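To be precise, the following lines are upload-v8.cif, and they hold mmCIF, C-alpha atoms.
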```cif
data_protein
#
loop_
_atom_site.group_PDB
_atom_site.id
_atom_site.type_symbol
_atom_site.label_atom_id
_atom_site.label_comp_id
_atom_site.auth_asym_id
_atom_site.auth_seq_id
_atom_site.Cartn_x
_atom_site.Cartn_y
_atom_site.Cartn_z
ATOM 1 C CA MET A 886 30.099 28.686 7.177
ATOM 2 C CA PRO A 887 26.936 28.712 9.332
ATOM 3 C CA GLN A 888 24.513 25.921 8.615
ATOM 4 C CA THR A 889 21.099 26.903 7.296
ATOM 5 C CA GLU A 890 18.119 25.244 8.867
ATOM 6 C CA SER A 891 15.752 23.145 6.775
ATOM 7 C CA PRO A 892 12.134 22.259 7.546
ATOM 8 C CA GLY A 893 11.952 19.185 9.728
ATOM 9 C CA ILE A 894 15.601 18.931 10.758
ATOM 10 C CA GLU A 895 16.130 22.214 12.581
ATOM 11 C CA ALA A 896 17.617 22.088 16.030
ATOM 12 C CA ALA A 897 14.982 21.022 18.525
ATOM 13 C CA PRO A 898 14.940 21.935 22.204
ATOM 14 C CA ARG A 899 17.287 19.618 24.033
ATOM 15 C CA THR A 900 15.306 16.728 25.511
ATOM 16 C CA ARG A 901 16.252 13.902 27.814
ATOM 17 C CA LEU A 902 16.500 11.188 25.178
ATOM 18 C CA ARG A 903 17.949 7.906 26.358
ATOM 19 C CA TRP A 904 19.176 4.997 24.257
ATOM 20 C CA TRP A 905 17.124 2.492 26.247
ATOM 21 C CA THR A 906 13.950 4.306 25.165
ATOM 22 C CA GLU A 907 15.067 5.162 21.627
ATOM 23 C CA LEU A 908 16.196 1.648 20.688
ATOM 24 C CA PRO A 909 12.840 -0.061 21.505
ATOM 25 C CA LEU A 910 11.024 2.736 19.664
ATOM 26 C CA ILE A 911 13.094 2.300 16.519
ATOM 27 C CA LEU A 912 12.795 -1.496 16.674
ATOM 28 C CA LEU A 913 9.029 -1.185 17.134
ATOM 29 C CA VAL A 914 8.689 1.115 14.133
ATOM 30 C CA TYR A 915 10.893 -1.110 11.981
ATOM 31 C CA GLY A 916 8.938 -4.186 13.102
ATOM 32 C CA CYS A 917 5.648 -2.508 12.176
ATOM 33 C CA TYR A 918 7.141 -1.498 8.836
ATOM 34 C CA SER A 919 8.363 -5.026 8.078
ATOM 35 C CA ALA A 920 5.073 -6.602 9.152
ATOM 36 C CA GLY A 921 3.153 -4.037 7.129
ATOM 37 C CA ARG A 922 5.143 -4.886 4.010
ATOM 38 C CA LEU A 923 4.186 -8.538 4.404
ATOM 39 C CA LEU A 924 0.521 -7.720 4.951
ATOM 40 C CA ALA A 925 0.494 -5.445 1.903
ATOM 41 C CA ARG A 926 1.431 -8.126 -0.596
ATOM 42 C CA GLY A 927 -1.538 -7.475 -2.871
ATOM 43 C CA ASP A 928 -2.498 -9.457 -5.938
ATOM 44 C CA VAL A 929 0.375 -10.667 -8.111
ATOM 45 C CA SER A 930 -1.449 -9.898 -11.362
ATOM 46 C CA ASP A 931 -2.082 -6.319 -10.196
ATOM 47 C CA ALA A 932 1.579 -5.971 -9.220
ATOM 48 C CA VAL A 933 2.680 -7.149 -12.673
ATOM 49 C CA ASP A 934 0.256 -4.751 -14.353
ATOM 50 C CA HIS A 935 1.589 -1.863 -12.296
ATOM 51 C CA GLY A 936 5.180 -2.779 -13.143
ATOM 52 C CA LEU A 937 4.429 -2.949 -16.861
ATOM 53 C CA ALA A 938 2.576 0.361 -16.705
ATOM 54 C CA ILE A 939 5.603 2.018 -15.121
ATOM 55 C CA LEU A 940 7.861 0.517 -17.767
ATOM 56 C CA ARG A 941 5.590 1.815 -20.548
ATOM 57 C CA ILE A 942 5.596 5.321 -19.067
ATOM 58 C CA GLU A 943 9.382 5.297 -18.856
ATOM 59 C CA LYS A 944 9.737 4.123 -22.446
ATOM 60 C CA PHE A 945 7.340 6.818 -23.595
ATOM 61 C CA LEU A 946 9.414 9.430 -21.754
ATOM 62 C CA HIS A 947 12.703 7.803 -22.884
ATOM 63 C CA ILE A 948 13.925 7.477 -19.298
ATOM 64 C CA ASN A 949 14.062 3.665 -19.023
ATOM 65 C CA ALA A 950 17.637 3.568 -17.762
ATOM 66 C CA GLU A 951 17.130 0.144 -16.160
ATOM 67 C CA HIS A 952 17.804 -1.838 -19.336
ATOM 68 C CA PRO A 953 21.321 -0.529 -20.151
ATOM 69 C CA LEU A 954 22.332 -0.591 -16.474
ATOM 70 C CA ASN A 955 21.064 -4.126 -16.004
ATOM 71 C CA ARG A 956 22.927 -5.336 -19.085
ATOM 72 C CA LEU A 957 26.099 -3.616 -17.828
ATOM 73 C CA PHE A 958 25.874 -5.264 -14.410
ATOM 74 C CA THR A 959 25.037 -8.660 -15.872
ATOM 75 C CA ARG A 960 27.897 -8.730 -18.354
ATOM 76 C CA ASN A 961 30.526 -7.412 -15.933
ATOM 77 C CA PRO A 962 30.833 -9.384 -12.685
ATOM 78 C CA TRP A 963 33.271 -6.807 -11.300
ATOM 79 C CA LEU A 964 30.323 -4.402 -11.324
ATOM 80 C CA GLY A 965 27.426 -6.770 -10.715
ATOM 81 C CA ILE A 966 28.793 -8.605 -7.669
ATOM 82 C CA PRO A 967 29.723 -5.473 -5.662
ATOM 83 C CA ALA A 968 26.356 -3.988 -6.629
ATOM 84 C CA ASP A 969 24.576 -7.027 -5.182
ATOM 85 C CA PHE A 970 26.532 -6.729 -1.934
ATOM 86 C CA TRP A 971 25.707 -3.014 -1.871
ATOM 87 C CA TYR A 972 21.991 -3.697 -2.323
ATOM 88 C CA ALA A 973 21.860 -6.571 0.165
ATOM 89 C CA SER A 974 23.752 -4.932 3.025
ATOM 90 C CA LEU A 975 24.362 -1.172 3.059
ATOM 91 C CA HIS A 976 20.666 -0.318 3.385
ATOM 92 C CA TYR A 977 20.601 -2.179 6.714
ATOM 93 C CA LEU A 978 24.002 -1.032 8.001
ATOM 94 C CA ILE A 979 24.551 2.610 7.122
ATOM 95 C CA THR A 980 21.122 3.933 8.135
ATOM 96 C CA PRO A 981 21.250 2.526 11.712
ATOM 97 C CA ALA A 982 24.882 3.591 12.024
ATOM 98 C CA LEU A 983 23.991 7.165 11.126
ATOM 99 C CA LEU A 984 21.077 7.137 13.560
ATOM 100 C CA VAL A 985 23.499 6.175 16.339
ATOM 101 C CA TRP A 986 25.958 8.831 15.185
ATOM 102 C CA MET A 987 23.251 11.499 15.203
ATOM 103 C CA PHE A 988 22.120 10.408 18.669
ATOM 104 C CA ARG A 989 25.620 10.601 20.124
ATOM 105 C CA ALA A 990 27.190 13.497 18.234
ATOM 106 C CA HIS A 991 24.261 15.723 17.226
ATOM 107 C CA ALA A 992 21.652 15.212 19.917
ATOM 108 C CA ALA A 993 19.971 18.567 19.284
ATOM 109 C CA HIS A 994 19.073 17.458 15.745
ATOM 110 C CA TYR A 995 18.553 13.761 16.402
ATOM 111 C CA ARG A 996 14.835 13.776 17.243
ATOM 112 C CA ALA A 997 13.906 15.770 14.131
ATOM 113 C CA ALA A 998 16.083 13.564 11.912
ATOM 114 C CA ARG A 999 14.646 10.367 13.388
ATOM 115 C CA THR A 1000 11.084 11.653 13.014
ATOM 116 C CA TRP A 1001 11.728 12.558 9.386
ATOM 117 C CA LEU A 1002 13.029 9.070 8.635
ATOM 118 C CA MET A 1003 10.156 7.302 10.420
ATOM 119 C CA THR A 1004 7.450 9.493 8.888
ATOM 120 C CA SER A 1005 8.780 8.876 5.387
ATOM 121 C CA THR A 1006 9.026 5.150 6.062
ATOM 122 C CA PHE A 1007 5.356 4.962 7.011
ATOM 123 C CA LEU A 1008 4.464 6.937 3.891
ATOM 124 C CA GLY A 1009 6.383 4.344 1.899
ATOM 125 C CA LEU A 1010 4.332 1.618 3.542
ATOM 126 C CA ILE A 1011 1.182 3.353 2.321
ATOM 127 C CA GLY A 1012 2.651 3.284 -1.181
ATOM 128 C CA PHE A 1013 3.364 -0.457 -0.948
ATOM 129 C CA THR A 1014 -0.236 -1.036 0.138
ATOM 130 C CA LEU A 1015 -1.913 1.089 -2.514
ATOM 131 C CA LEU A 1016 0.406 0.239 -5.399
ATOM 132 C CA PRO A 1017 1.995 -3.232 -5.203
ATOM 133 C CA THR A 1018 4.528 -3.282 -8.009
ATOM 134 C CA CYS A 1019 6.407 -6.087 -9.692
ATOM 135 C CA PRO A 1020 10.115 -5.176 -9.918
ATOM 136 C CA PRO A 1021 11.870 -5.523 -13.282
ATOM 137 C CA ARG A 1022 13.657 -8.748 -12.251
ATOM 138 C CA LEU A 1023 10.337 -10.561 -11.764
ATOM 139 C CA LEU A 1024 8.876 -9.623 -15.136
ATOM 140 C CA ALA A 1025 8.747 -12.241 -17.866
ATOM 141 C CA ALA A 1026 12.102 -12.915 -19.543
ATOM 142 C CA GLY A 1027 10.836 -11.332 -22.747
ATOM 143 C CA HIS A 1028 11.106 -7.894 -21.163
ATOM 144 C CA GLY A 1029 14.884 -8.224 -21.133
ATOM 145 C CA PHE A 1030 15.799 -8.075 -17.446
ATOM 146 C CA VAL A 1031 18.182 -10.367 -15.554
ATOM 147 C CA ASP A 1032 17.953 -10.799 -11.781
ATOM 148 C CA THR A 1033 21.576 -10.141 -10.843
ATOM 149 C CA MET A 1034 20.945 -11.286 -7.256
ATOM 150 C CA ALA A 1035 20.038 -14.722 -8.571
ATOM 151 C CA HIS A 1036 22.702 -14.541 -11.296
ATOM 152 C CA TYR A 1037 25.493 -13.985 -8.752
ATOM 153 C CA SER A 1038 23.887 -15.776 -5.794
ATOM 154 C CA SER A 1039 26.838 -18.120 -5.407
ATOM 155 C CA TYR A 1040 28.953 -15.149 -4.287
ATOM 156 C CA GLY A 1041 26.749 -14.056 -1.390
ATOM 157 C CA TRP A 1042 24.207 -15.099 1.213
ATOM 158 C CA TRP A 1043 21.190 -14.177 -0.863
ATOM 159 C CA GLY A 1044 19.187 -16.395 -3.172
ATOM 160 C CA GLY A 1045 16.810 -15.533 -5.966
ATOM 161 C CA GLU A 1046 14.337 -13.645 -3.779
ATOM 162 C CA ALA A 1047 15.626 -10.080 -3.441
ATOM 163 C CA SER A 1048 18.193 -9.548 -0.686
ATOM 164 C CA ALA A 1049 16.753 -12.134 1.706
ATOM 165 C CA PRO A 1050 19.110 -14.925 2.817
ATOM 166 C CA ARG A 1051 18.595 -18.239 1.087
ATOM 167 C CA GLY A 1052 15.465 -19.998 2.263
ATOM 168 C CA MET A 1053 13.970 -16.860 3.825
ATOM 169 C CA GLY A 1054 12.360 -15.353 0.756
ATOM 170 C CA GLY A 1055 8.906 -16.045 2.151
ATOM 171 C CA MET A 1056 9.574 -13.456 4.867
ATOM 172 C CA THR A 1057 9.838 -10.621 2.348
ATOM 173 C CA ASN A 1058 7.367 -8.842 0.099
ATOM 174 C CA GLN A 1059 8.983 -8.841 -3.315
ATOM 175 C CA TYR A 1060 6.270 -6.572 -4.723
ATOM 176 C CA ALA A 1061 7.021 -3.667 -2.339
ATOM 177 C CA ALA A 1062 8.926 -1.763 -5.006
ATOM 178 C CA MET A 1063 7.042 1.547 -5.280
ATOM 179 C CA PRO A 1064 8.457 3.741 -3.789
ATOM 180 C CA SER A 1065 12.077 2.666 -3.414
ATOM 181 C CA LEU A 1066 13.022 3.147 0.230
ATOM 182 C CA HIS A 1067 16.513 1.946 -0.616
ATOM 183 C CA VAL A 1068 16.822 5.257 -2.447
ATOM 184 C CA GLY A 1069 14.779 7.160 0.137
ATOM 185 C CA TRP A 1070 16.847 6.024 3.105
ATOM 186 C CA ALA A 1071 20.067 6.626 1.159
ATOM 187 C CA LEU A 1072 18.912 10.186 0.505
ATOM 188 C CA TRP A 1073 18.294 10.666 4.239
ATOM 189 C CA CYS A 1074 21.800 9.380 4.956
ATOM 190 C CA GLY A 1075 23.225 11.757 2.363
ATOM 191 C CA VAL A 1076 21.496 14.757 3.920
ATOM 192 C CA MET A 1077 22.753 13.827 7.399
ATOM 193 C CA LEU A 1078 26.325 13.413 6.148
ATOM 194 C CA TRP A 1079 26.231 16.642 4.164
ATOM 195 C CA ARG A 1080 24.799 18.782 6.963
ATOM 196 C CA PHE A 1081 26.608 17.349 9.961
ATOM 197 C CA GLY A 1082 29.709 15.566 8.635
ATOM 198 C CA GLY A 1083 31.891 18.634 8.459
ATOM 199 C CA THR A 1084 34.658 17.149 6.264
ATOM 200 C CA ARG A 1085 35.284 16.847 2.562
ATOM 201 C CA ALA A 1086 35.139 13.044 2.789
ATOM 202 C CA THR A 1087 31.673 13.089 4.353
ATOM 203 C CA ARG A 1088 30.487 15.577 1.731
ATOM 204 C CA ILE A 1089 31.702 13.247 -1.012
ATOM 205 C CA ALA A 1090 30.026 10.262 0.679
ATOM 206 C CA ALA A 1091 26.838 12.312 1.026
ATOM 207 C CA VAL A 1092 26.637 12.578 -2.754
ATOM 208 C CA VAL A 1093 28.076 9.198 -3.760
ATOM 209 C CA TYR A 1094 25.924 7.036 -1.488
ATOM 210 C CA PRO A 1095 22.424 8.086 -2.668
ATOM 211 C CA LEU A 1096 23.497 8.335 -6.305
ATOM 212 C CA GLY A 1097 25.262 4.981 -6.136
ATOM 213 C CA THR A 1098 22.232 3.380 -4.495
ATOM 214 C CA THR A 1099 19.997 4.701 -7.271
ATOM 215 C CA LEU A 1100 22.243 3.125 -9.917
ATOM 216 C CA VAL A 1101 22.462 -0.122 -7.947
ATOM 217 C CA VAL A 1102 18.712 -0.613 -7.486
ATOM 218 C CA MET A 1103 18.190 -0.166 -11.230
ATOM 219 C CA GLY A 1104 21.240 -2.111 -12.373
ATOM 220 C CA THR A 1105 20.286 -5.117 -10.232
ATOM 221 C CA ALA A 1106 16.735 -4.942 -11.680
ATOM 222 C CA ASN A 1107 15.162 -4.415 -8.270
ATOM 223 C CA HIS A 1108 13.570 -1.051 -9.087
ATOM 224 C CA TYR A 1109 12.492 1.179 -11.934
ATOM 225 C CA LEU A 1110 13.721 4.742 -12.254
ATOM 226 C CA LEU A 1111 10.257 5.996 -11.272
ATOM 227 C CA ASP A 1112 10.489 3.915 -8.079
ATOM 228 C CA ALA A 1113 13.595 5.904 -7.196
ATOM 229 C CA VAL A 1114 11.863 9.180 -8.043
ATOM 230 C CA ALA A 1115 8.949 8.165 -5.824
ATOM 231 C CA GLY A 1116 11.398 7.356 -3.020
ATOM 232 C CA VAL A 1117 12.796 10.895 -3.222
ATOM 233 C CA ALA A 1118 9.260 12.339 -3.267
ATOM 234 C CA VAL A 1119 8.266 10.353 -0.175
ATOM 235 C CA MET A 1120 11.300 11.669 1.693
ATOM 236 C CA GLY A 1121 10.401 15.205 0.669
ATOM 237 C CA ILE A 1122 6.845 14.850 1.947
ATOM 238 C CA GLY A 1123 8.115 13.229 5.132
ATOM 239 C CA LEU A 1124 10.472 16.179 5.689
ATOM 240 C CA LEU A 1125 7.564 18.613 5.435
ATOM 241 C CA LEU A 1126 5.371 16.555 7.761
ATOM 242 C CA ALA A 1127 8.014 15.884 10.419
ATOM 243 C CA PRO A 1128 7.498 19.143 12.390
ATOM 244 C CA ALA A 1129 3.749 18.490 12.624
ATOM 245 C CA VAL A 1130 4.395 14.911 13.736
ATOM 246 C CA MET A 1131 6.716 16.140 16.495
ATOM 247 C CA ARG A 1132 4.138 18.668 17.659
ATOM 248 C CA LEU A 1133 1.481 15.955 17.844
ATOM 249 C CA ALA A 1134 3.878 13.731 19.782
ATOM 250 C CA ASP A 1135 4.601 16.554 22.236
ATOM 251 C CA ARG A 1136 0.906 17.187 22.799
ATOM 252 C CA ALA A 1137 0.259 13.504 23.362
ATOM 253 C CA ARG A 1138 3.144 13.348 25.835
ATOM 254 C CA GLU A 1139 1.839 16.354 27.751
ATOM 255 C CA ARG A 1140 -1.655 14.897 27.840
ATOM 256 C CA PHE A 1141 -0.839 11.357 28.879
ATOM 257 C CA ALA A 1142 2.352 12.002 30.850
ATOM 258 C CA PRO A 1143 1.986 15.292 32.741
ATOM 259 C CA GLY A 1144 5.191 16.873 33.922
ATOM 260 C CA THR A 1145 7.335 15.594 31.028
ATOM 261 C CA SER A 1146 7.043 18.647 28.789
ATOM 262 C CA GLY A 1147 10.386 20.009 30.009
ATOM 263 C CA ALA A 1148 9.132 22.749 32.355
ATOM 264 C CA PRO A 1149 9.977 22.103 36.008
ATOM 265 C CA ALA A 1150 6.918 21.404 38.101
ATOM 266 C CA SER A 1151 6.224 24.026 40.793
ATOM 267 C CA ILE A 1152 6.046 22.834 44.368
ATOM 268 C CA VAL A 1153 4.092 25.923 45.514
ATOM 269 C CA SER A 1154 0.585 26.731 44.310
ATOM 270 C CA GLY A 1155 0.289 29.711 42.021
ATOM 271 C CA GLY A 1156 -1.648 31.950 44.425
ATOM 272 C CA CYS A 1157 0.254 31.110 47.602
ATOM 273 C CA GLU A 1158 2.074 34.007 49.287
ATOM 274 C CA THR A 1159 3.892 34.361 52.611
ATOM 275 C CA SER A 1160 2.863 36.954 55.140
ATOM 276 C CA ALA A 1161 5.200 39.727 56.300
ATOM 277 C CA GLY A 1162 8.081 38.366 58.299
ATOM 278 C CA GLU A 1163 7.174 34.725 57.607
ATOM 279 C CA ARG A 1164 10.000 32.478 56.411
ATOM 280 C CA ILE A 1165 9.925 29.100 54.720
ATOM 281 C CA PRO A 1166 11.619 26.477 56.928
ATOM 282 C CA ARG A 1167 15.399 26.272 56.318
ATOM 283 C CA GLN A 1168 15.274 29.440 54.213
ATOM 284 C CA ARG A 1169 18.554 31.350 54.425
ATOM 285 C CA ALA A 1170 18.135 34.752 56.026
ATOM 286 C CA THR A 1171 18.965 37.656 53.740
ATOM 287 C CA ARG A 1172 21.745 39.918 54.983
ATOM 288 C CA PRO A 1173 20.253 43.304 55.802
ATOM 289 C CA GLY A 1174 20.793 45.819 53.059
ATOM 290 C CA ALA A 1175 22.353 43.247 50.689
ATOM 291 C CA ASP A 1176 19.854 43.913 47.903
ATOM 292 C CA ALA A 1177 19.037 47.510 48.779
ATOM 293 C CA LYS A 1178 19.229 50.028 45.981
ATOM 294 C CA PRO A 1179 21.661 52.955 46.349
ATOM 295 C CA GLY A 1180 20.097 55.687 48.421
ATOM 296 C CA ALA A 1181 17.297 53.518 49.807
ATOM 297 C CA ALA A 1182 16.762 53.265 53.536
ATOM 298 C CA PRO A 1183 17.859 49.982 55.082
ATOM 299 C CA THR A 1184 15.050 47.696 56.184
ATOM 300 C CA ASP A 1185 14.729 45.196 58.960
ATOM 301 C CA THR A 1186 14.304 41.580 57.936
ATOM 302 C CA GLY A 1187 11.743 40.967 60.582
ATOM 303 C CA ASP A 1188 8.764 43.251 59.935
ATOM 304 C CA GLY A 1189 9.880 45.110 56.813
ATOM 305 C CA ALA A 1190 9.817 48.568 58.445
ATOM 306 C CA PRO A 1191 12.741 50.924 57.839
ATOM 307 C CA ALA A 1192 15.344 50.687 60.547
ATOM 308 C CA ALA A 1193 15.246 54.446 61.105
ATOM 309 C CA ALA A 1194 11.516 54.300 61.931
ATOM 310 C CA ARG A 1195 11.993 51.941 64.905
#
```
Could you render the structure as structure tokens?
Amino acid sequence: MPQTESPGIEAAPRTRLRWWTELPLILLVYGCYSAGRLLARGDVSDAVDHGLAILRIEKFLHINAEHPLNRLFTRNPWLGIPADFWYASLHYLITPALLVWMFRAHAAHYRAARTWLMTSTFLGLIGFTLLPTCPPRLLAAGHGFVDTMAHYSSYGWWGGEASAPRGMGGMTNQYAAMPSLHVGWALWCGVMLWRFGGTRATRIAAVVYPLGTTLVVMGTANHYLLDAVAGVAVMGIGLLLAPAVMRLADRARERFAPGTSGAPASIVSGGCETSAGERIPRQRATRPGADAKPGAAPTDTGDGAPAAAR
């Protein structure tokens, strides 16, 4: 079945992308994202107020699925421990792996897919800055949430500060919960697997991974349901903006790096012409009559006059 194109991830003109330029770019963007999260810590009291406001909205709408999921994960280690490993690792493993896979196996779509992911990530950073949010696990105990990462910390490398390794919690922003980029990135992975996987197994993984991540982030009390919804919305906006971002990048490249737009540079000026009988050095002489149309008089390669007229 032919694949239908979607805004932002359609096949782009083939460009000379190289891993030694792509890898520093991705590391730079991720470094800016990580540093931005730390700089956007915000006030703790505001973050708590925002978290409680989200919880009140969900209760009013009867969509506060975090409580039953969190109780389920807390009471059943066979669910809670794998969920903690899922939350602490897959986000940082599967997304880069799929970027590499897209680069190697689907180069025509790679640039658009990468731009979509990066654009959405920066939009998420704006959300962290404007709306610092306390996750459910950091609310007062009276709200009924258990931090499963802390509860099962003896089984993994994490401590009681999100998915950071023990002793490194100060290097994370625990109030960067709205939107959930765990869910957003998982959605991106699902779209890539669905569109380009080509097998039933990848189609199943394309559905299971984002849905499973959504359940995990709520069950471990790291996000509210509305955080996950916001993560999906950010990815949708990023998808719509990606073509414009690529066009801006192309214009900047043409402006600051002439000759890299993909069109071969001409070595002869536009208005330069040769006179009759003049040949460019080392030019191969054309065999007389080789390109003549049927019925046309043969011409001499020297002065262009018909042979019969000499």
Closest contacts (range 1084-1147 of chain A/range 988-1002 of chain A, max 10 Å, all atoms listed in the file) as JSON lines:
```
{"residue": "A:Met1120", "atom": "CA", "partner": "A:Leu1002", "partner_atom": "CA", "distance": 7.6}
{"residue": "A:Gly1121", "atom": "CA", "partner": "A:Trp1001", "partner_atom": "CA", "distance": 9.2}
{"residue": "A:Ile1122", "atom": "CA", "partner": "A:Trp1001", "partner_atom": "CA", "distance": 9.2}
{"residue": "A:Gly1123", "atom": "CA", "partner": "A:Trp1001", "partner_atom": "CA", "distance": 5.6}
{"residue": "A:Leu1124", "atom": "CA", "partner": "A:Trp1001", "partner_atom": "CA", "distance": 5.3}
{"residue": "A:Leu1125", "atom": "CA", "partner": "A:Trp1001", "partner_atom": "CA", "distance": 8.3}
{"residue": "A:Leu1126", "atom": "CA", "partner": "A:Trp1001", "partner_atom": "CA", "distance": 7.7}
{"residue": "A:Ala1127", "atom": "CA", "partner": "A:Trp1001", "partner_atom": "CA", "distance": 5.1}
{"residue": "A:Pro1128", "atom": "CA", "partner": "A:Ala997", "partner_atom": "CA", "distance": 7.4}
{"residue": "A:Val1130", "atom": "CA", "partner": "A:Thr1000", "partner_atom": "CA", "distance": 7.5}
{"residue": "A:Met1131", "atom": "CA", "partner": "A:Thr1000", "partner_atom": "CA", "distance": 7.2}
```
Restrict the selected residues to C-alpha atoms and save them as a CSV table (one decimal), in the frame of the given file.
```
chain,number,residue,atom,x,y,z
A,1120,MET,CA,11.3,11.7,1.7
A,1121,GLY,CA,10.4,15.2,0.7
A,1122,ILE,CA,6.8,14.8,1.9
A,1123,GLY,CA,8.1,13.2,5.1
A,1124,LEU,CA,10.5,16.2,5.7
A,1125,LEU,CA,7.6,18.6,5.4
A,1126,LEU,CA,5.4,16.6,7.8
A,1127,ALA,CA,8.0,15.9,10.4
A,1128,PRO,CA,7.5,19.1,12.4
A,1130,VAL,CA,4.4,14.9,13.7
A,1131,MET,CA,6.7,16.1,16.5
```
- [ ] Decode the PyMOL selection byres ((chain A and resi 1116) around 7) for the given file into explicit residues and return them as a list in words.
- [x]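 This file, filtered by the PyMOL selection byres ((chain A and resi 1116) around 7), leaves Pro1064, Ser1065, Leu1066, Val1068, Gly1069, Asp1112, Ala1113, Val1114, Ala1115, Val1117, Ala1118, Val1119 and Met1120 of chain A.
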Task: Selection near range 937-954 of chain A, 12 Å with only C-alpha atoms, sequence-local residues under 4 positions removed, as a ChimeraX atom specification - done: /A:930-933,958-961,964-965,968,1016-1025,1028-1033,1062-1064,1099-1115
Task: Atomic separation - CA of Trp986 in chain A relative to CA of Thr1006 in chain A, Å - done: 19.6 Å
- [ ] Kindly extract all protein, DNA and RNA residues lying within 10 Å of the coordinates (23.7, 15.6, 0.0) given in the file, considering all atoms listed in the file, and supply them as number ranges by chain.
- [x] A: 1071-1080, 1087-1096
Open item on the list: Assuming the chain letters and numbering stay as they are in my file, what does the PyMOL selection byres ((chain A and resi 974) around 12) actually select? List them as a PyMOL selection string.
Closed with: chain A and resi 967-973+975-981+1041-1043+1047-1050+1067+1098
Task: Distance in Å - CA of Ala1129 in chain A versus CA of Ala982 in chain A - done: 25.9 Å
Task: Point-to-point distance in Å for CA of Gly1083 in chain A and CA of Met1003 in chain A - done: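 Those two atoms sit 24.6 Å apart.
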Open item on the list: For a quick check of understanding, using all atoms listed in the file, which of A:Ala1134, A:Val985, A:Phe1013, A:Trp963 has the smallest distance to Asn1058 in chain A?
Closed with: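 Selected residue with least distance to Asn1058 in chain A: A:Phe1013.
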What are the centre and edge lengths in Å, to one decimal, of the axis-aligned box around all listed atoms of range 995-1014 of chain A with 5 Å added on each side, as JSON?
```
{"center_x": 9.2, "center_y": 7.4, "center_z": 8.0, "size_x": 28.8, "size_y": 26.8, "size_z": 28.4}
```
Would you mind exporting range 955-980 of chain A with C-alpha atoms, as a PDB file, in the first residue's frame?
```pdb
ATOM      1  CA  ASN A 955      -0.269   4.829  40.893  1.00  0.00           C
ATOM      2  CA  ARG A 956      -1.942   2.577  43.454  1.00  0.00           C
ATOM      3  CA  LEU A 957      -1.720  -0.350  41.008  1.00  0.00           C
ATOM      4  CA  PHE A 958       1.995   0.181  40.404  1.00  0.00           C
ATOM      5  CA  THR A 959       2.734   0.689  44.088  1.00  0.00           C
ATOM      6  CA  ARG A 960       0.947  -2.432  45.275  1.00  0.00           C
ATOM      7  CA  ASN A 961       2.312  -4.708  42.542  1.00  0.00           C
ATOM      8  CA  PRO A 962       6.111  -4.740  42.245  1.00  0.00           C
ATOM      9  CA  TRP A 963       5.891  -6.883  39.104  1.00  0.00           C
ATOM     10  CA  LEU A 964       4.281  -3.848  37.470  1.00  0.00           C
ATOM     11  CA  GLY A 965       5.967  -1.014  39.342  1.00  0.00           C
ATOM     12  CA  ILE A 966       9.593  -2.114  38.939  1.00  0.00           C
ATOM     13  CA  PRO A 967       9.455  -2.666  35.147  1.00  0.00           C
ATOM     14  CA  ALA A 968       7.590   0.637  34.845  1.00  0.00           C
ATOM     15  CA  ASP A 969      10.418   2.424  36.664  1.00  0.00           C
ATOM     16  CA  PHE A 970      13.002   0.861  34.353  1.00  0.00           C
ATOM     17  CA  TRP A 971      10.838   1.862  31.387  1.00  0.00           C
ATOM     18  CA  TYR A 972      10.630   5.467  32.585  1.00  0.00           C
ATOM     19  CA  ALA A 973      14.311   5.742  33.501  1.00  0.00           C
ATOM     20  CA  SER A 974      15.797   4.263  30.332  1.00  0.00           C
ATOM     21  CA  LEU A 975      13.675   3.837  27.197  1.00  0.00           C
ATOM     22  CA  HIS A 976      13.203   7.582  26.698  1.00  0.00           C
ATOM     23  CA  TYR A 977      16.981   7.934  26.301  1.00  0.00           C
ATOM     24  CA  LEU A 978      17.575   4.756  24.279  1.00  0.00           C
ATOM     25  CA  ILE A 979      14.778   4.283  21.771  1.00  0.00           C
ATOM     26  CA  THR A 980      14.609   7.862  20.470  1.00  0.00           C
TER      27      THR A 980
END
```
